[in-house]
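What follows is one structure encoded as structure tokens, with my remarks underneath.
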Amino acid sequence: MISTPKRLLARAGGHHHALSVSVSGFLCLSVLFTLMSVDCPAVEALKNSLANQPQNQIQTPSQGALPYTFKSGDFRLLATPSLGLDYNDNVRNSKSDKEDDFILRPLLQLNATQPLSHQNVISLNLGIGYDQYFDHSELSALRLQTGSAVSFDMVVKEVAFNFHDRMSYTRDSSQEAAVANTSDFGNFVNTAGFSVSCSLRKATLSAGYDHQNVVSGKSAFNSQDHASEMFFGRVGFEVNPELQAGFEATTAFTTYDQPTLNDNNVSSVGLFATWQPGRAFRLTPRGGYSFTHFKNTSTTLQTDDLSSYYLDLTMTHDITAAFSYGLSAGHDVRLGVQSDAVEETYVRPNVTWRAFKHASIQFGFSYEHGKQGAGSVGGLTENYDWFGGTIGTSWYILDKLTLGLNYRLTIRSSDVADRGYTQNMVGLLLTYHP
């Protein structure tokens, strides 16, 4: 979900107030224009950078109120272990000759915070586990949860900074809509960078930079290995206390390790808005134009430059304390897997129903229509439809122990022979909450 920076800390009055605005405003503008001097961003860059937007007012709960497994002074560490058991009826995502298996998934989730001052906080979120296949041991692999990150938030006068290093590694081919007939697709992704935001009266300025490395988990997908330099900038205006709107721009430069896919530069420019009439409802539309230039460094693929539009509508609504829903829908162009680019249209609704005091039910659906090989000259292209549905429930069976039951259905259809499949997965999950 894309969030916009909050209003700055309250300013003092009188002449000191005017001086504070002047000095911090100059610093805001200097930092912003320095970062945006590199022809601003790509949709991919914006998604990555906004994941760690700094907040001008760092809100840290009372340390005494934070749950923990270990503490020392202001340091808090929460360790949450879990153990899952899944059954997958099509581990290789194939249309025929399906192979099934049971998978044991131990996981340890670590969450740590170390306040350095009232406004400066270092945080760690790390989920590390292992997927052990019973009959297909060659598929067993380490798992690093998406969302694992080290982050440092800092406020200097009117300017808020965030420094971060996010990482993930998972191998779940059925969750990448562009691939089929494989169980080997999975990448280690490391994204390190910083972002900065500040407010000048009714305007909020933010900018950021990320360096991203993507390394394939299997040699069959080594063509995916690449590095990207990503820049983004945003200027938002407070229309009223409930509505913020403004401009956004990005640029990303991607270089592949192997000459299979083409190095490329992607830029985008567009508009965004955030409407939040209360705590229960939030609506964020975004849209604009993106342009991708392929450098034709590949020895096998030739791809024309791509011009397209991007759209995204993200909504969350807590109707009651027991019932909430969300929606994300849009269109964009992203880096391809077996081609240079994938143009996709997607919709992803979800519902959470806290049916009982100690139990909840979650529903999720995802649909993606994609064109793989968009812009390819003389190469093979593929049009596919990918459906994913989940239903899950969890409840406390003991004071600190929850039991979860989950079902996931994945269906892929394609205009290329034998690249469609159906997969069913059912799982149990035990989680201990200290």
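So you can find residues: chains in the structure tokens are A, B, ... in the order shown, residues in each start at 1, and ligands are numbered from 1 in order.
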Run DSSP on the backbone and give me the residues of range 299-378 of chain A it puts in strand (DSSP E or B), as a PDB file with C-alpha atoms, in the first residue's frame.
```pdb
ATOM      1  CA  THR A 303      12.616  -5.566 -28.110  1.00  0.00           C
ATOM      2  CA  LEU A 306       7.533   0.498 -24.820  1.00  0.00           C
ATOM      3  CA  SER A 307       5.156   3.349 -24.041  1.00  0.00           C
ATOM      4  CA  SER A 308       2.254   2.539 -21.749  1.00  0.00           C
ATOM      5  CA  TYR A 309       0.122   3.868 -18.923  1.00  0.00           C
ATOM      6  CA  TYR A 310       0.024   2.830 -15.308  1.00  0.00           C
ATOM      7  CA  LEU A 311      -2.970   2.901 -12.987  1.00  0.00           C
ATOM      8  CA  ASP A 312      -3.464   1.739  -9.435  1.00  0.00           C
ATOM      9  CA  LEU A 313      -6.385   2.056  -7.062  1.00  0.00           C
ATOM     10  CA  THR A 314      -5.793   0.930  -3.489  1.00  0.00           C
ATOM     11  CA  MET A 315      -8.562   0.999  -0.896  1.00  0.00           C
ATOM     12  CA  THR A 316      -8.945  -0.196   2.690  1.00  0.00           C
ATOM     13  CA  HIS A 317     -12.106  -0.003   4.782  1.00  0.00           C
ATOM     14  CA  ASP A 318     -12.740  -1.156   8.343  1.00  0.00           C
ATOM     15  CA  PHE A 323     -15.308  -6.750   9.396  1.00  0.00           C
ATOM     16  CA  SER A 324     -12.866  -5.109   6.985  1.00  0.00           C
ATOM     17  CA  TYR A 325     -11.972  -5.325   3.319  1.00  0.00           C
ATOM     18  CA  GLY A 326      -9.402  -4.032   0.869  1.00  0.00           C
ATOM     19  CA  LEU A 327      -8.897  -3.731  -2.870  1.00  0.00           C
ATOM     20  CA  SER A 328      -5.970  -3.163  -5.197  1.00  0.00           C
ATOM     21  CA  ALA A 329      -6.527  -2.901  -8.953  1.00  0.00           C
ATOM     22  CA  GLY A 330      -4.507  -1.493 -11.810  1.00  0.00           C
ATOM     23  CA  HIS A 331      -2.368  -1.782 -14.912  1.00  0.00           C
ATOM     24  CA  ASP A 332       1.381  -1.490 -15.467  1.00  0.00           C
ATOM     25  CA  VAL A 333       4.448  -2.809 -17.282  1.00  0.00           C
ATOM     26  CA  ARG A 334       7.023  -4.748 -15.270  1.00  0.00           C
ATOM     27  CA  LEU A 335      10.257  -6.580 -15.970  1.00  0.00           C
ATOM     28  CA  ALA A 341       8.636  -7.144 -20.249  1.00  0.00           C
ATOM     29  CA  VAL A 342       5.202  -8.174 -19.034  1.00  0.00           C
ATOM     30  CA  GLU A 343       2.228  -5.841 -19.465  1.00  0.00           C
ATOM     31  CA  GLU A 344      -0.366  -6.705 -16.833  1.00  0.00           C
ATOM     32  CA  THR A 345      -3.819  -5.758 -15.623  1.00  0.00           C
ATOM     33  CA  TYR A 346      -4.735  -6.943 -12.132  1.00  0.00           C
ATOM     34  CA  VAL A 347      -7.393  -6.888  -9.418  1.00  0.00           C
ATOM     35  CA  ARG A 348      -6.847  -8.122  -5.838  1.00  0.00           C
ATOM     36  CA  PRO A 349      -9.681  -7.856  -3.298  1.00  0.00           C
ATOM     37  CA  ASN A 350      -9.517  -9.230   0.248  1.00  0.00           C
ATOM     38  CA  VAL A 351     -11.879  -9.558   3.212  1.00  0.00           C
ATOM     39  CA  THR A 352     -11.249 -10.183   6.910  1.00  0.00           C
ATOM     40  CA  TRP A 353     -14.056 -11.234   9.231  1.00  0.00           C
ATOM     41  CA  ARG A 354     -13.320 -11.514  12.938  1.00  0.00           C
ATOM     42  CA  ALA A 355     -16.215 -13.839  13.445  1.00  0.00           C
ATOM     43  CA  PHE A 356     -15.586 -14.629  17.101  1.00  0.00           C
ATOM     44  CA  ALA A 359     -11.088 -16.449  15.742  1.00  0.00           C
ATOM     45  CA  SER A 360     -10.983 -14.766  12.335  1.00  0.00           C
ATOM     46  CA  ILE A 361     -11.611 -15.715   8.700  1.00  0.00           C
ATOM     47  CA  GLN A 362      -9.716 -14.239   5.728  1.00  0.00           C
ATOM     48  CA  PHE A 363     -10.729 -14.338   2.068  1.00  0.00           C
ATOM     49  CA  GLY A 364      -8.479 -13.280  -0.789  1.00  0.00           C
ATOM     50  CA  PHE A 365      -8.686 -13.261  -4.575  1.00  0.00           C
ATOM     51  CA  SER A 366      -6.216 -12.242  -7.257  1.00  0.00           C
ATOM     52  CA  TYR A 367      -6.617 -12.005 -11.020  1.00  0.00           C
ATOM     53  CA  GLU A 368      -3.978 -10.987 -13.536  1.00  0.00           C
ATOM     54  CA  HIS A 369      -4.194 -10.737 -17.305  1.00  0.00           C
ATOM     55  CA  GLY A 370      -0.747 -10.463 -18.780  1.00  0.00           C
ATOM     56  CA  LYS A 371       1.027 -10.183 -22.093  1.00  0.00           C
ATOM     57  CA  GLN A 372       4.482 -11.701 -21.894  1.00  0.00           C
ATOM     58  CA  SER A 376       9.222  -8.224 -28.671  1.00  0.00           C
TER      59      SER A 376
END
```
| request: Excluding Lys98 in chain A and any residue of its chain fewer than 6 positions from it, enumerate the residues within 10 Å of it, using only C-alpha atoms, and give them as a list in words. | output: Asp89, Asn90, Val91, Arg92, Asn181, Tyr421, Thr422 and Gln423 of chain A
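Among the candidates A:His358, A:His211, A:Lys157, A:Arg143, the one nearest to Ser199 in chain A when counting only C-alpha atoms is A:Lys157.
Using only C-alpha atoms for every distance, the candidate list A:Phe294, A:Tyr289, A:Tyr87, A:Phe221 yields A:Phe294 as the residue closest to Asn265 in chain A.
Separating CA of Asp340 in chain A from CA of Arg286 in chain A is a distance of 24.5 Å.
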Quick one: residues within 8 Å of Tyr133 in chain A, only C-alpha atoms counted, chain neighbours fewer than 2 positions away excluded, as a PDB file with N, CA and C atoms, in the first residue's frame?
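Everything below was put into selection_6.pdb:
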```pdb
ATOM      1  N   ASP A 101       2.960 -33.455  -3.036  1.00  0.00           N
ATOM      2  CA  ASP A 101       3.912 -33.607  -1.941  1.00  0.00           C
ATOM      3  C   ASP A 101       3.392 -32.889  -0.699  1.00  0.00           C
ATOM      4  N   PHE A 102       3.931 -33.310   0.455  1.00  0.00           N
ATOM      5  CA  PHE A 102       3.735 -32.608   1.713  1.00  0.00           C
ATOM      6  C   PHE A 102       4.971 -31.756   1.987  1.00  0.00           C
ATOM      7  N   ILE A 103       4.761 -30.589   2.590  1.00  0.00           N
ATOM      8  CA  ILE A 103       5.862 -29.658   2.858  1.00  0.00           C
ATOM      9  C   ILE A 103       5.793 -29.214   4.315  1.00  0.00           C
ATOM     10  N   LEU A 104       6.885 -29.384   5.039  1.00  0.00           N
ATOM     11  CA  LEU A 104       6.995 -28.925   6.419  1.00  0.00           C
ATOM     12  C   LEU A 104       7.680 -27.562   6.416  1.00  0.00           C
ATOM     13  N   ASP A 131      11.644 -24.700   3.960  1.00  0.00           N
ATOM     14  CA  ASP A 131      10.589 -25.508   3.352  1.00  0.00           C
ATOM     15  C   ASP A 131      11.152 -26.887   3.055  1.00  0.00           C
ATOM     16  N   ASP A 135       8.867 -35.764  -0.423  1.00  0.00           N
ATOM     17  CA  ASP A 135       9.219 -36.662  -1.531  1.00  0.00           C
ATOM     18  C   ASP A 135      10.092 -36.006  -2.585  1.00  0.00           C
ATOM     19  N   HIS A 136      10.161 -34.699  -2.606  1.00  0.00           N
ATOM     20  CA  HIS A 136      10.967 -33.981  -3.600  1.00  0.00           C
ATOM     21  C   HIS A 136      12.008 -33.142  -2.854  1.00  0.00           C
ATOM     22  N   SER A 137      12.985 -33.816  -2.278  1.00  0.00           N
ATOM     23  CA  SER A 137      13.963 -33.120  -1.435  1.00  0.00           C
ATOM     24  C   SER A 137      14.754 -32.074  -2.213  1.00  0.00           C
ATOM     25  N   GLU A 138      14.841 -32.235  -3.546  1.00  0.00           N
ATOM     26  CA  GLU A 138      15.576 -31.251  -4.348  1.00  0.00           C
ATOM     27  C   GLU A 138      14.880 -29.890  -4.362  1.00  0.00           C
ATOM     28  N   LEU A 139      13.610 -29.852  -3.962  1.00  0.00           N
ATOM     29  CA  LEU A 139      12.869 -28.592  -3.919  1.00  0.00           C
ATOM     30  C   LEU A 139      12.974 -27.903  -2.557  1.00  0.00           C
ATOM     31  N   SER A 140      13.511 -28.590  -1.565  1.00  0.00           N
ATOM     32  CA  SER A 140      13.643 -28.001  -0.229  1.00  0.00           C
ATOM     33  C   SER A 140      14.566 -26.793  -0.288  1.00  0.00           C
TER      34      SER A 140
END
```
| Polymer residues at most 8 Å from Phe237 in chain A, only C-alpha atoms, same-chain spacing of 2 or more positions, as an MDAnalysis selection string | chainID A and resid 202:204 235 239 244:246
